[in-house]
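First the structure, in the form of structure tokens, and then the observations on it.
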Amino acid sequence: MSLFSAQNVSELDRFWREMAPVPGRMAGSLRFALAAALAALLLLIIQPPVGFIAPSMFMMFLLPHDSPSQCFKGCVVILSGAALGTIASLLLMGASGDHPVARIIGLAVFTLVAAFFSRTSAIPGLPMAFGCLAYMVISLWEYKIRAEKILHLSLWPMGTLATVALSAVVIEFLFNRSDPLTRLRREITARCAALSRLLHLLAAHAETGQIENRAAIVRRYAVTGRGQLHVLLERLSKDKLCSTEELQRLRALTLALDRILGLGAGIAVTQDFERMDPARLEHIATAIMAAEEGRLEDVQNILGDSAISACSELDRIEQTLHNLAAPSEASAMDTRVEPPSGEAHSLSRLLIPDAFTNSDYFMYALKTSLCATICYVIYNALGWPGISTCFFTVYFTALSTTGTSNRKLLIRIIGSGIGGMILGIGCLVFVYPYLEGVQGFLLIIAAISFLGAWCAASPYFGYIGLQITFAFNLLAFERLSAPTQMMPARDRMLGIALGFLVMFVIFHQVRPERTVDTMRRLLARLLGASADLIRLFGLQPDTAVSDSIAEIKKEIAGMTVNLPNFAHAVKFEFPPDRAAGMRLSNEILKAAGAAEDLVFAVRTWPQIGEGDQDTGHLSAIRASMEDGLRGLARQLEQGPESPANGESIVQAATAEQLWREKPSGVAKAIDNFRELQMACAAIASAAE
């Protein structure tokens, strides 16, 4: 089972699976509910204009809730974007003299900028807050009141958002007291247990299905790298939550795991385990668990002192474990892991690499801006401010490809129906008339926020949770008390429906983007990143190389998450594109799986062979594979007429020329590349 494979299950079954409890979900949802109730209580005391409350409550979903410090940083980012949006709108209105055309053009430009940078920025919360606050301030100038009064009101959106964000920060600092040391140990234990279990299955010659299932878990850990582990290590180092010796041991173990996981996954890919000694596999599995438990002296005793040639995957795993167990080598490992230059470099990137070269981002921003401007013009032309919720519906639920548009549109309609029609109007009719005091109102806000946060934790159906909470808050905060009238609820639901209708028309008529086209371009980027990894695998390991590998693996991890999600969305395309698109998406997933196997096979190669001739062959094939992958990427982007390099891989050497007696991943890598060539040629031809 490949990392890229998608299980063929119904949407309803997948929904219930993703709604199942997982560690940390209950605590996170409870903190979110408590923060929402605290924010609602403070807003009832402060008494801001009610139109600003629901959008500000929605922005709470944009705050990171992993740790109190990260939540505080997110709060600063969002408030900075809100301040920029407020200042930009006031400057525009002041310079234009509150001209109606200036309001429309300004709204279109601000929304365009916000949508573009929300897709291309490493900190999307800032542009999202910028666009949201810019609209809320501009909308104040629709009312013919004194400029001084408008200036006073213009500060309320900022104040409302600050109240909500700071409430979330306070709750996180009070109740998010998870121990990073415990979490780090749990993550390391999970990785070691997965790899140890895989080796035990290989030693027992278990059924192919069991081996593939366990190898897929190990492969996921290997692809995602040590990003989460690195974050936890940084928290331990910064807060001094453990001794220096323990921190050094955890760092060395993290580096060793990064290497061993890739090698372990490579064993299953190359099928070399069939020729390996079962007793040796059992010893290595036991040594891995001993290293995880901190019994480094037992690692040497378990593995013994036999000579290691470092030519096979098992040889390199043993060598890594020996280095980890040796105090001097462990210290050397720690020094290589210490400088987080790769992570810091990736964090310093404010924009993704192809932000200004990929026209899809601009088209997405243009369509979002067009939808928002149309909604703004419609409700102002009708003189019907009650349906102004159509703007927030567009802004917070902007879509991308046609398949994901249809799927997300359906999901958001369901979420809005549950939050607005069922829960919102249901509470309005059956609950609010019987409430006395503010306690019942806050309890309902907390309960709905808990439901929304629980659903939002799902990677596939998370938008349902956002829409449930947003639609409910639009109706619940019709005034600063329990609402008692049906007309505002009706208008706001009509606004939501109008926003969905405008999005459906624009995103399908203005240069529609097929989901399989996005998948094809994503596969091309994946092949380019794989070529970079293969090049780095051939270099001598040092800090810079390790950091570069970690950064590229992080990029690949994001692609591996997006590809199956896009594949699931193809089924929501309209005929006649749906059947052909589903076939092509399956081919793209197979090609991505072949690229995954190719990278893992190449990673198992030693940097030098047993002789100069073998070393030269390895270098030549590695360079040829790198060029071949780049050629395949160009073929996917430019079409079948673009030649793909890599033919020299098949002709330059064979497995017999490299290793006549010892098993290796070279033959498997060559087969993977041939398979990848045929798959990419078929994909490029079908895309024409």
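Here's how to read the names in the structure tokens: chain A, B, ... by the order shown, residue numbers from 1 in each chain, ligand numbers from 1 in the order shown.
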
* For segment 369-380 of chain A, please output as a ChimeraX atom specification all residues within 9 Å (counting only C-alpha atoms; exclusion window: fewer than 4 positions along the same chain). => /A:104-105,107-115,142,364-365,384-388,390-395,398,495,498-499,502-503,506-507

* Using only C-alpha atoms, determine which residues lie at most 6 Å from segment 278-283 of chain A, disregarding the query and same-chain residues fewer than 2 positions distant; provide the list as a list of chain:residue names. => A:Leu199, A:His200, A:Ala203, A:Ala285, A:Thr286

* **Nearest residue to Glu187 of chain A from the set A:Ile683, A:Val169, A:Ile444, A:Leu257 (distances using only C-alpha atoms)** =>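 Distance minimum relative to Glu187 of chain A lands on A:Leu257.
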
* To do: Would you mind reading off the distance between atom CA of Tyr135 of chain A and atom CA of Gly106 of chain A, one decimal, in Å?
  =>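 For atom CA of Tyr135 of chain A relative to atom CA of Gly106 of chain A, the distance reads 9.1 Å.
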
* Neighbour list for Ala529 of chain A as a PyMOL selection string, cut-off 9 Å, only C-alpha atoms, skip fewer than 5 positions in-chain -> chain A and resi 524+534+552-553+555-556+630

* Asked: Which is closer to Ser416 of chain A than all the others in A:Leu296, A:Met487, A:Ile496, A:Ala381, using only C-alpha atoms?
  ->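 Closest to Ser416 of chain A, using only C-alpha atoms: A:Ile496.
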
* Asked: How many Å separate atom CA of Leu494 of chain A from atom CA of Trp141 of chain A?
  ->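 Here the two named atoms are 23.2 Å from each other.
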
* To do: Can you pull out every residue within 7 Å of segment 456-458 of chain A, counting only C-alpha atoms, but drop anything in the same chain fewer than 5 positions away, and send it as a ChimeraX atom specification?
  => /A:18-19,463-466

So that I have them on file, write out the residues from the current selection with N, CA and C atoms, as a PDB file, in the first residue's frame.
ATOM      1  N   GLU A  18     -13.105   9.947  10.384  1.00  0.00           N
ATOM      2  CA  GLU A  18     -12.336  11.137  10.741  1.00  0.00           C
ATOM      3  C   GLU A  18     -12.921  11.863  11.943  1.00  0.00           C
ATOM      4  N   MET A  19     -14.159  11.570  12.292  1.00  0.00           N
ATOM      5  CA  MET A  19     -14.737  12.165  13.493  1.00  0.00           C
ATOM      6  C   MET A  19     -14.411  11.364  14.752  1.00  0.00           C
ATOM      7  N   TYR A 463     -13.839  21.767   6.961  1.00  0.00           N
ATOM      8  CA  TYR A 463     -14.632  22.939   6.609  1.00  0.00           C
ATOM      9  C   TYR A 463     -16.055  22.864   7.144  1.00  0.00           C
ATOM     10  N   ILE A 464     -16.531  21.652   7.392  1.00  0.00           N
ATOM     11  CA  ILE A 464     -17.868  21.533   7.983  1.00  0.00           C
ATOM     12  C   ILE A 464     -17.888  22.215   9.351  1.00  0.00           C
ATOM     13  N   GLY A 465     -16.860  21.964  10.146  1.00  0.00           N
ATOM     14  CA  GLY A 465     -16.800  22.583  11.466  1.00  0.00           C
ATOM     15  C   GLY A 465     -16.732  24.089  11.400  1.00  0.00           C
ATOM     16  N   LEU A 466     -15.916  24.617  10.480  1.00  0.00           N
ATOM     17  CA  LEU A 466     -15.814  26.071  10.333  1.00  0.00           C
ATOM     18  C   LEU A 466     -17.147  26.669   9.936  1.00  0.00           C
TER      19      LEU A 466
END

* Structure fact -> Using only C-alpha atoms, the shortest atom-to-atom distance to Ser89 of chain A among A:Ala54, A:Cys132, A:Ala35, A:Ile284 belongs to A:Cys132

* **alpha helix (DSSP H) residues, from DSSP on the backbone, in segment 362-527 of chain A, as number ranges by chain** => A: 362-381, 389-396, 402-416, 425-430, 439-456, 462-476, 487-509, 515-527

* To do: Take atom CA of Ile87 of chain A and atom CA of Phe362 of chain A and report the distance between them in Å, one decimal.
  =>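 One can read the atom CA of Ile87 of chain A to atom CA of Phe362 of chain A distance as 24.3 Å.
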
* Could you tell me which of A:Ser167, A:Glu293, A:Ile549, A:Arg407 comes closest to Tyr460 of chain A if we count only C-alpha atoms? =>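 So, comparing all the options, the nearest one is A:Arg407.
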
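Excluding segment 90-97 of chain A itself and same-chain residues fewer than 3 positions from it, the residues having an atom within 8 Å of it are Thr86, Ile87, Ala102, Arg103, Gly106, Val137 and Ile138 of chain A, counting only C-alpha atoms.
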
* Write out as a PyMOL selection string the residues lying within 12 Å of Leu443 of chain A, counting only C-alpha atoms and excluding same-chain residues fewer than 6 positions away. => chain A and resi 33-38+40-41+431-432+435+437+449-450+482

Pull N, CA and C atoms from the residues just selected and write them as a PDB file, in the first residue's frame.
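And here is the file that came out, part.pdb:
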ATOM      1  N   ALA A  33     -13.750  25.836  22.872  1.00  0.00           N
ATOM      2  CA  ALA A  33     -15.080  26.194  23.361  1.00  0.00           C
ATOM      3  C   ALA A  33     -14.999  27.183  24.508  1.00  0.00           C
ATOM      4  N   LEU A  34     -14.059  26.971  25.415  1.00  0.00           N
ATOM      5  CA  LEU A  34     -13.904  27.884  26.543  1.00  0.00           C
ATOM      6  C   LEU A  34     -13.447  29.267  26.074  1.00  0.00           C
ATOM      7  N   ALA A  35     -12.550  29.300  25.088  1.00  0.00           N
ATOM      8  CA  ALA A  35     -12.106  30.582  24.549  1.00  0.00           C
ATOM      9  C   ALA A  35     -13.247  31.312  23.865  1.00  0.00           C
ATOM     10  N   ALA A  36     -14.098  30.583  23.133  1.00  0.00           N
ATOM     11  CA  ALA A  36     -15.249  31.210  22.481  1.00  0.00           C
ATOM     12  C   ALA A  36     -16.227  31.774  23.506  1.00  0.00           C
ATOM     13  N   ALA A  37     -16.479  31.031  24.579  1.00  0.00           N
ATOM     14  CA  ALA A  37     -17.386  31.521  25.615  1.00  0.00           C
ATOM     15  C   ALA A  37     -16.813  32.750  26.308  1.00  0.00           C
ATOM     16  N   LEU A  38     -15.504  32.743  26.590  1.00  0.00           N
ATOM     17  CA  LEU A  38     -14.875  33.906  27.222  1.00  0.00           C
ATOM     18  C   LEU A  38     -14.941  35.122  26.305  1.00  0.00           C
ATOM     19  N   ALA A  40     -17.146  35.680  23.942  1.00  0.00           N
ATOM     20  CA  ALA A  40     -18.541  36.135  23.876  1.00  0.00           C
ATOM     21  C   ALA A  40     -18.921  36.934  25.120  1.00  0.00           C
ATOM     22  N   LEU A  41     -18.479  36.492  26.294  1.00  0.00           N
ATOM     23  CA  LEU A  41     -18.779  37.223  27.523  1.00  0.00           C
ATOM     24  C   LEU A  41     -18.164  38.621  27.496  1.00  0.00           C
ATOM     25  N   VAL A 431     -35.116  27.375  21.934  1.00  0.00           N
ATOM     26  CA  VAL A 431     -34.246  27.492  23.099  1.00  0.00           C
ATOM     27  C   VAL A 431     -34.195  28.911  23.638  1.00  0.00           C
ATOM     28  N   TYR A 432     -33.877  29.881  22.794  1.00  0.00           N
ATOM     29  CA  TYR A 432     -33.659  31.247  23.267  1.00  0.00           C
ATOM     30  C   TYR A 432     -34.866  31.849  23.993  1.00  0.00           C
ATOM     31  N   LEU A 435     -34.561  31.203  27.751  1.00  0.00           N
ATOM     32  CA  LEU A 435     -33.338  31.516  28.474  1.00  0.00           C
ATOM     33  C   LEU A 435     -33.536  32.721  29.372  1.00  0.00           C
ATOM     34  N   GLY A 437     -31.029  35.192  31.641  1.00  0.00           N
ATOM     35  CA  GLY A 437     -29.647  35.491  31.978  1.00  0.00           C
ATOM     36  C   GLY A 437     -28.715  35.112  30.841  1.00  0.00           C
ATOM     37  N   SER A 449     -19.292  25.917  19.508  1.00  0.00           N
ATOM     38  CA  SER A 449     -17.861  26.081  19.222  1.00  0.00           C
ATOM     39  C   SER A 449     -17.115  24.766  19.426  1.00  0.00           C
ATOM     40  N   PHE A 450     -17.495  24.015  20.447  1.00  0.00           N
ATOM     41  CA  PHE A 450     -16.884  22.700  20.660  1.00  0.00           C
ATOM     42  C   PHE A 450     -17.149  21.781  19.471  1.00  0.00           C
ATOM     43  N   ALA A 482     -29.812  37.053  23.396  1.00  0.00           N
ATOM     44  CA  ALA A 482     -30.422  35.959  22.647  1.00  0.00           C
ATOM     45  C   ALA A 482     -31.386  36.526  21.608  1.00  0.00           C
TER      46      ALA A 482
END
